[in-house]
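K.L.:
Here you go, this is model-v5.txt (compact mmCIF, C-alpha atoms).
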# COMPACT_ATOMS: atom_id res chain seq x y z
CA MET A 1 -73.41 67.17 54.23
CA LYS A 2 -73.75 63.85 55.98
CA ILE A 3 -71.11 61.14 55.87
CA ARG A 4 -71.71 57.43 56.18
CA LEU A 5 -69.14 54.69 56.44
CA ILE A 6 -70.36 51.21 55.60
CA ILE A 7 -68.07 48.39 56.66
CA SER A 8 -68.79 44.97 55.22
CA GLY A 9 -68.04 42.51 57.99
CA LYS A 10 -67.89 43.19 61.71
CA PRO A 11 -64.50 44.10 63.17
CA LYS A 12 -63.11 40.78 64.40
CA ASP A 13 -60.88 42.37 66.95
CA PRO A 14 -62.56 44.16 69.90
CA VAL A 15 -59.33 46.06 70.61
CA THR A 16 -59.31 47.71 67.17
CA ALA A 17 -63.11 48.14 67.23
CA ASN A 18 -62.65 50.17 70.41
CA ALA A 19 -60.06 52.39 68.72
CA ILE A 20 -62.38 52.88 65.72
CA ASP A 21 -65.28 53.89 68.00
CA ARG A 22 -63.19 56.59 69.57
CA TYR A 23 -62.49 58.18 66.16
CA VAL A 24 -66.19 57.88 65.27
CA SER A 25 -67.06 59.96 68.35
CA LYS A 26 -64.44 62.54 67.39
CA ILE A 27 -65.72 62.78 63.78
CA LYS A 28 -69.29 63.34 65.03
CA LYS A 29 -68.15 66.56 66.68
CA PHE A 30 -67.41 67.93 63.20
CA ILE A 31 -70.14 66.50 60.95
CA PRO A 32 -73.20 64.23 60.99
CA PHE A 33 -71.60 60.80 60.68
CA GLU A 34 -72.92 57.29 60.78
CA LEU A 35 -70.97 54.05 60.94
CA SER A 36 -72.91 51.09 59.70
CA VAL A 37 -71.49 47.60 59.97
CA MET A 38 -72.94 45.01 57.61
CA GLN A 39 -73.05 41.30 58.33
CA ASP A 40 -70.79 39.57 55.82
CA PRO A 41 -72.27 36.99 53.45
CA ARG A 42 -72.18 33.57 55.03
CA ASN A 43 -71.25 30.17 53.68
CA LEU A 44 -69.61 31.51 50.56
CA SER A 45 -66.09 30.28 50.02
CA ASP A 46 -65.94 31.18 46.33
CA PRO A 47 -64.40 34.68 46.08
CA ALA A 48 -66.42 35.79 43.03
CA ARG A 49 -69.72 34.66 44.52
CA TYR A 50 -68.78 36.23 47.87
CA SER A 51 -68.15 39.62 46.25
CA GLN A 52 -71.37 39.38 44.23
CA GLU A 53 -73.49 38.59 47.26
CA GLU A 54 -71.69 41.25 49.28
CA TRP A 55 -72.51 43.90 46.69
CA ARG A 56 -76.15 42.76 46.55
CA LEU A 57 -76.35 43.43 50.31
CA LEU A 58 -74.42 46.70 50.11
CA GLU A 59 -76.61 48.07 47.32
CA LYS A 60 -79.64 47.89 49.60
CA LYS A 61 -77.95 50.40 51.87
CA ILE A 62 -77.30 52.94 49.14
CA SER A 63 -79.83 55.43 47.79
CA PRO A 64 -79.65 57.21 44.39
CA ASP A 65 -78.76 60.49 46.14
CA ASP A 66 -75.64 59.05 47.75
CA TYR A 67 -72.21 59.97 46.47
CA VAL A 68 -70.48 56.59 46.70
CA ILE A 69 -66.76 56.09 47.32
CA LEU A 70 -65.24 52.61 47.46
CA LEU A 71 -62.09 52.05 49.49
CA ASP A 72 -59.80 49.84 47.46
CA GLU A 73 -56.02 49.49 47.29
CA ARG A 74 -56.19 49.99 43.49
CA GLY A 75 -58.01 53.32 43.89
CA LYS A 76 -56.65 56.84 43.77
CA SER A 77 -54.37 57.79 46.62
CA TYR A 78 -54.34 61.17 48.29
CA SER A 79 -52.19 62.85 50.88
CA SER A 80 -54.04 63.82 54.06
CA LEU A 81 -54.09 67.44 52.86
CA GLU A 82 -55.50 66.45 49.47
CA PHE A 83 -58.16 64.26 51.10
CA SER A 84 -59.17 67.12 53.38
CA ALA A 85 -59.43 69.45 50.36
CA LYS A 86 -61.53 66.83 48.56
CA LEU A 87 -64.00 66.67 51.45
CA GLN A 88 -64.22 70.43 51.55
CA GLN A 89 -64.89 70.48 47.81
CA TRP A 90 -67.80 68.03 48.26
CA MET A 91 -69.22 70.24 51.02
CA MET A 92 -68.99 73.28 48.74
CA GLN A 93 -70.68 71.34 45.95
CA ARG A 94 -73.50 70.81 48.47
CA LYS A 95 -73.43 67.05 48.24
CA LYS A 96 -76.03 65.81 50.70
CA SER A 97 -74.76 62.37 51.47
CA VAL A 98 -71.29 60.92 50.97
CA VAL A 99 -70.95 57.18 51.53
CA PHE A 100 -67.61 55.42 51.95
CA ILE A 101 -67.57 51.63 51.69
CA ILE A 102 -64.94 49.26 53.08
CA GLY A 103 -65.50 45.90 51.41
CA GLY A 104 -64.66 42.37 52.41
CA PRO A 105 -61.61 40.20 51.71
CA TYR A 106 -62.17 39.61 47.99
CA GLY A 107 -62.53 43.12 46.60
CA PHE A 108 -65.41 44.73 44.76
CA THR A 109 -67.26 43.43 41.69
CA ALA A 110 -67.17 45.24 38.33
CA GLU A 111 -70.78 46.22 39.02
CA ALA A 112 -69.75 47.88 42.31
CA ASN A 113 -67.00 49.78 40.53
CA ASP A 114 -69.46 50.97 37.88
CA CYS A 115 -71.89 52.18 40.52
CA ALA A 116 -69.30 54.07 42.57
CA HIS A 117 -68.45 57.71 41.88
CA GLU A 118 -64.88 57.40 43.11
CA THR A 119 -62.44 54.81 44.41
CA LEU A 120 -60.02 55.78 47.16
CA SER A 121 -56.86 53.95 48.19
CA LEU A 122 -55.54 54.25 51.76
CA SER A 123 -52.41 52.31 50.87
CA LYS A 124 -50.98 50.30 48.01
CA MET A 125 -50.61 47.57 50.62
CA THR A 126 -53.50 45.28 51.50
CA LEU A 127 -54.58 46.39 54.96
CA GLN A 128 -56.22 43.95 57.33
CA HIS A 129 -59.96 44.75 57.43
CA ASP A 130 -60.15 46.20 60.96
CA ILE A 131 -56.94 48.17 60.42
CA ALA A 132 -58.30 49.67 57.18
CA SER A 133 -61.37 50.88 59.12
CA LEU A 134 -59.12 52.35 61.80
CA VAL A 135 -56.85 54.09 59.28
CA PHE A 136 -59.87 55.50 57.44
CA THR A 137 -61.68 56.87 60.51
CA GLU A 138 -58.45 58.47 61.69
CA GLN A 139 -57.97 60.09 58.25
CA LEU A 140 -61.52 61.39 58.27
CA TYR A 141 -60.98 62.91 61.71
CA ARG A 142 -57.62 64.31 60.58
CA ALA A 143 -59.22 65.83 57.45
CA PHE A 144 -61.61 67.89 59.59
CA THR A 145 -58.87 69.04 61.95
CA ILE A 146 -56.96 70.22 58.86
CA MET A 147 -60.04 72.07 57.55
CA ARG A 148 -60.50 73.80 60.90
CA GLY A 149 -56.82 74.63 61.27
CA GLU A 150 -56.48 72.58 64.46
CA LYS A 151 -53.07 71.52 65.71
CA TYR A 152 -53.54 67.75 65.30
CA HIS A 153 -51.92 67.51 61.85
CA HIS A 154 -48.27 68.61 61.48
CA MET B 1 -31.54 37.71 59.01
CA LYS B 2 -32.73 39.65 62.01
CA ILE B 3 -35.26 42.45 61.84
CA ARG B 4 -35.52 45.37 64.21
CA LEU B 5 -38.22 48.00 64.35
CA ILE B 6 -37.30 51.19 66.14
CA ILE B 7 -40.21 53.45 67.02
CA SER B 8 -39.37 56.97 68.11
CA GLY B 9 -41.86 57.84 70.81
CA LYS B 10 -43.89 55.45 72.95
CA PRO B 11 -47.34 54.49 71.67
CA LYS B 12 -49.67 56.96 73.40
CA ASP B 13 -52.63 54.68 73.17
CA PRO B 14 -52.56 51.44 75.22
CA VAL B 15 -55.30 49.97 73.03
CA THR B 16 -53.21 50.26 69.87
CA ALA B 17 -50.05 49.25 71.74
CA ASN B 18 -51.80 46.03 72.66
CA ALA B 19 -52.71 45.35 69.01
CA ILE B 20 -49.09 46.05 67.98
CA ASP B 21 -47.76 43.61 70.60
CA ARG B 22 -49.91 40.84 69.21
CA TYR B 23 -48.40 41.27 65.72
CA VAL B 24 -44.92 41.39 67.25
CA SER B 25 -45.53 37.94 68.81
CA LYS B 26 -46.76 36.62 65.46
CA ILE B 27 -43.73 37.99 63.57
CA LYS B 28 -41.37 36.34 66.07
CA LYS B 29 -42.70 32.95 64.99
CA PHE B 30 -41.21 33.61 61.55
CA ILE B 31 -37.98 35.51 62.18
CA PRO B 32 -35.82 36.94 64.98
CA PHE B 33 -37.51 40.27 65.58
CA GLU B 34 -37.01 43.05 68.08
CA LEU B 35 -39.23 46.05 68.73
CA SER B 36 -37.41 48.88 70.37
CA VAL B 37 -39.27 51.97 71.51
CA MET B 38 -37.21 55.12 71.95
CA GLN B 39 -38.10 57.91 74.31
CA ASP B 40 -38.91 60.99 72.24
CA PRO B 41 -36.78 64.12 72.68
CA ARG B 42 -38.22 66.28 75.41
CA ASN B 43 -38.83 70.01 75.65
CA LEU B 44 -38.30 70.65 71.96
CA SER B 45 -41.12 72.53 70.31
CA ASP B 46 -39.12 73.60 67.26
CA PRO B 47 -39.71 70.98 64.54
CA ALA B 48 -36.22 71.21 62.99
CA ARG B 49 -34.48 70.90 66.35
CA TYR B 50 -36.79 68.08 67.35
CA SER B 51 -35.92 66.06 64.24
CA GLN B 52 -32.20 66.76 64.70
CA GLU B 53 -32.20 65.62 68.31
CA GLU B 54 -34.36 62.63 67.42
CA TRP B 55 -31.86 61.51 64.77
CA ARG B 56 -28.97 61.98 67.20
CA LEU B 57 -30.71 59.53 69.55
CA LEU B 58 -31.69 57.11 66.76
CA GLU B 59 -28.15 56.99 65.37
CA LYS B 60 -26.91 55.54 68.65
CA LYS B 61 -29.14 52.55 68.06
CA ILE B 62 -27.80 51.80 64.58
CA SER B 63 -24.59 49.95 63.79
CA PRO B 64 -22.64 50.12 60.50
CA ASP B 65 -23.81 46.60 59.61
CA ASP B 66 -27.48 47.52 59.74
CA TYR B 67 -29.47 47.90 56.56
CA VAL B 68 -31.56 50.96 57.45
CA ILE B 69 -35.05 51.66 56.12
CA LEU B 70 -36.93 54.82 57.11
CA LEU B 71 -40.72 54.78 57.10
CA ASP B 72 -41.88 58.03 55.57
CA GLU B 73 -44.98 59.01 53.59
CA ARG B 74 -42.72 60.44 50.85
CA GLY B 75 -40.91 57.10 50.44
CA LYS B 76 -41.41 54.36 47.89
CA SER B 77 -44.69 52.49 48.15
CA TYR B 78 -45.08 48.76 47.62
CA SER B 79 -47.99 46.39 47.42
CA SER B 80 -48.02 43.70 50.12
CA LEU B 81 -46.76 41.18 47.56
CA GLU B 82 -43.93 43.47 46.47
CA PHE B 83 -42.96 44.14 50.09
CA SER B 84 -42.88 40.41 50.78
CA ALA B 85 -40.67 39.86 47.72
CA LYS B 86 -38.40 42.66 48.90
CA LEU B 87 -37.92 40.99 52.29
CA GLN B 88 -37.19 37.68 50.61
CA GLN B 89 -34.62 39.38 48.40
CA TRP B 90 -32.85 40.79 51.47
CA MET B 91 -32.80 37.34 53.04
CA MET B 92 -31.30 35.88 49.87
CA GLN B 93 -28.69 38.65 49.80
CA ARG B 94 -27.81 37.44 53.31
CA LYS B 95 -28.33 40.79 54.97
CA LYS B 96 -27.69 40.23 58.66
CA SER B 97 -29.69 42.99 60.21
CA VAL B 98 -32.51 45.02 58.69
CA VAL B 99 -33.68 47.98 60.73
CA PHE B 100 -36.95 49.81 60.10
CA ILE B 101 -37.44 53.19 61.75
CA ILE B 102 -40.74 54.97 62.46
CA GLY B 103 -39.90 58.57 63.29
CA GLY B 104 -41.69 61.24 65.24
CA PRO B 105 -44.18 63.93 64.18
CA TYR B 106 -41.82 66.19 62.24
CA GLY B 107 -40.23 63.79 59.76
CA PHE B 108 -36.60 62.87 59.25
CA THR B 109 -33.63 65.20 58.76
CA ALA B 110 -31.60 65.31 55.53
CA GLU B 111 -28.83 63.55 57.47
CA ALA B 112 -31.18 60.69 58.33
CA ASN B 113 -32.21 60.36 54.70
CA ASP B 114 -28.55 60.27 53.64
CA CYS B 115 -27.78 57.54 56.16
CA ALA B 116 -30.74 55.33 55.21
CA HIS B 117 -30.50 52.68 52.50
CA GLU B 118 -34.16 52.90 51.58
CA THR B 119 -37.28 54.86 52.42
CA LEU B 120 -40.61 53.05 52.55
CA SER B 121 -44.07 54.61 52.47
CA LEU B 122 -47.02 52.81 54.04
CA SER B 123 -49.45 55.41 52.71
CA LYS B 124 -49.42 58.75 50.97
CA MET B 125 -51.56 59.87 53.90
CA THR B 126 -49.99 60.94 57.19
CA LEU B 127 -50.78 58.13 59.59
CA GLN B 128 -51.10 58.79 63.29
CA HIS B 129 -47.92 57.49 64.98
CA ASP B 130 -49.44 54.47 66.78
CA ILE B 131 -51.49 53.54 63.72
CA ALA B 132 -48.38 53.63 61.50
CA SER B 133 -46.70 51.17 63.88
CA LEU B 134 -49.76 48.93 63.80
CA VAL B 135 -50.01 49.03 59.99
CA PHE B 136 -46.31 48.24 59.67
CA THR B 137 -46.24 45.30 62.07
CA GLU B 138 -49.31 43.84 60.35
CA GLN B 139 -47.60 44.22 56.95
CA LEU B 140 -44.46 42.55 58.23
CA TYR B 141 -46.52 39.64 59.54
CA ARG B 142 -48.49 39.52 56.26
CA ALA B 143 -45.23 39.51 54.24
CA PHE B 144 -44.08 36.33 55.98
CA THR B 145 -47.44 34.60 55.57
CA ILE B 146 -47.18 35.40 51.83
CA MET B 147 -43.63 33.99 51.69
CA ARG B 148 -44.79 30.79 53.39
CA GLY B 149 -47.91 30.47 51.24
CA GLU B 150 -50.22 30.71 54.26
CA LYS B 151 -53.89 31.55 53.80
CA TYR B 152 -53.87 34.91 55.63
CA HIS B 153 -53.38 37.05 52.51
CA HIS B 154 -56.01 36.87 49.77
Take the structure I supplied and represent it as structure tokens, if you would.

P.N.:
Amino acid sequence: MKIRLIISGKPKDPVTANAIDRYVSKIKKFIPFELSVMQDPRNLSDPARYSQEEWRLLEKKISPDDYVILLDERGKSYSSLEFSAKLQQWMMQRKKSVVFIIGGPYGFTAEANDCAHETLSLSKMTLQHDIASLVFTEQLYRAFTIMRGEKYHH
Amino acid sequence: MKIRLIISGKPKDPVTANAIDRYVSKIKKFIPFELSVMQDPRNLSDPARYSQEEWRLLEKKISPDDYVILLDERGKSYSSLEFSAKLQQWMMQRKKSVVFIIGGPYGFTAEANDCAHETLSLSKMTLQHDIASLVFTEQLYRAFTIMRGEKYHH
């Protein structure tokens, strides 16, 4: 199984970007992983049009074989143990490519929600974009340490 | 109203500590705020004893007038809007001092839970200690921008 994380919009804060990169390196020790940062749509102040254009760009990065998971505060929430078990389940189901998507400030379109296989919530709270990416990469790393029985997770 | 955040255990990661400090400065523009970092109990590998000793140290930092909120993944979860409304409610109730506590790796003791007025969950997932502090300070900042009708929160 290969995992991709697509982030719509570059991290604005180099400090957090640095912290994210360190988790990316740690995840790669466990599984083929690719972080892909997408330029956010420009010159669109209307939220609905922004989300539409964003999804048009995101769709180009997804292939029919991908198992697509949107990160959204209205999604399903898991404990770290449950999320780790979920990943393990996907590996056992021999999914080839799992793609997580962190969207921009205005949420996903109905079309995006229809296309996605699952929607995952990191928090009921609205996390700042860079912080959401940081929380997610840390959870992904944590999930693999749980699977391998490493000491990281108490 | 004054807000204090007590973190048990110094941030291990200077990069995240730096990001936390920036939110602390931003919060201080809205409300008297104090971040107090407590040395974690040393030489205690037993989780139960660790949590006991940790609470003994934390208790010294709390006064009877404090309204105490523990941050714990098993606590109540709020959306950012609900959390902002909650803070506003406390201000209207004229609470003098609200104290949030981020504990160490082994969770809080039953005694700590009995002492606390509320328990708040940032995520059902177990967040790494420094990341939990970062998420919380950003949420506190966000809560005030919501209260003031600023553009930060979409």

K.L.:
Rank nothing, just name the residue among B:Lys60, B:Ile3, B:Gly9, B:Ala143 nearest to Leu35 (chain B), using all atoms listed in the file.

P.N.:
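When distances to Leu35 (chain B) are compared using all atoms listed in the file, the smallest one comes from B:Ile3.
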
K.L.:
Could you pull the residues within 8 Å of Met147 (chain A), counting all atoms listed in the file, minus those fewer than 3 positions along the same chain, as a list of chain:residue names?

P.N.:
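Selected residues are A:Ser84, A:Ala85, A:Gln88, A:Ala143, A:Phe144, A:Glu150.
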
K.L.:
If we count only C-alpha atoms, which residues of chain A reach to within 9 Å of chain B? Please list them as number ranges by chain.

P.N.:
A: 13, 15-16, 18-19, 73, 77-83, 105-106, 121-128, 131-132, 134-135, 138-139, 142, 153-154

K.L.:
Please measure the separation of CA of Lys96 (chain A) and CA of Ile62 (chain A), giving the value in Å to one decimal.

P.N.:
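These atoms are spaced 13.0 Å apart.
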
K.L.:
Counting all atoms listed in the file, which residue out of A:Ser133, A:Thr109, A:Thr119, A:Ser8 sits closest to Leu57 (chain A)?

P.N.:
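The answer is A:Ser8, which sits nearest to Leu57 (chain A).
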
K.L.:
Give me, please, the distance in Å between CA of Tyr67 (chain A) and CA of Thr137 (chain A), quoted to one decimal.

P.N.:
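CA of Tyr67 (chain A) sits 17.8 Å away from CA of Thr137 (chain A).
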
K.L.:
Between A:Ile27, A:Leu87, A:Leu5, A:Ile20, which has the minimum distance to Leu58 (chain A) (counting only C-alpha atoms)?

P.N.:
A:Leu5

K.L.:
I want to know what sits within 9 Å of Arg94 (chain B), based on all atoms listed in the file, with residues of the same chain fewer than 4 positions away left out; could you give that as a list in words?

P.N.:
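My list of contacting residues is Met1, Gln89 and Trp90 of chain B.
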
K.L.:
Using all atoms of region 101-105 of chain B listed in the file and a margin of 3 Å per side, can you give the axis-aligned box centre and edge lengths in Å to one decimal, as JSON?

P.N.:
{"center_x": -40.8, "center_y": 58.6, "center_z": 63.5, "size_x": 12.7, "size_y": 16.7, "size_z": 9.5}

K.L.:
May I ask for the distance between CA of Met92 (chain B) and CA of Ile31 (chain B), given in Å to one decimal place?

P.N.:
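So the answer is 14.0 Å.
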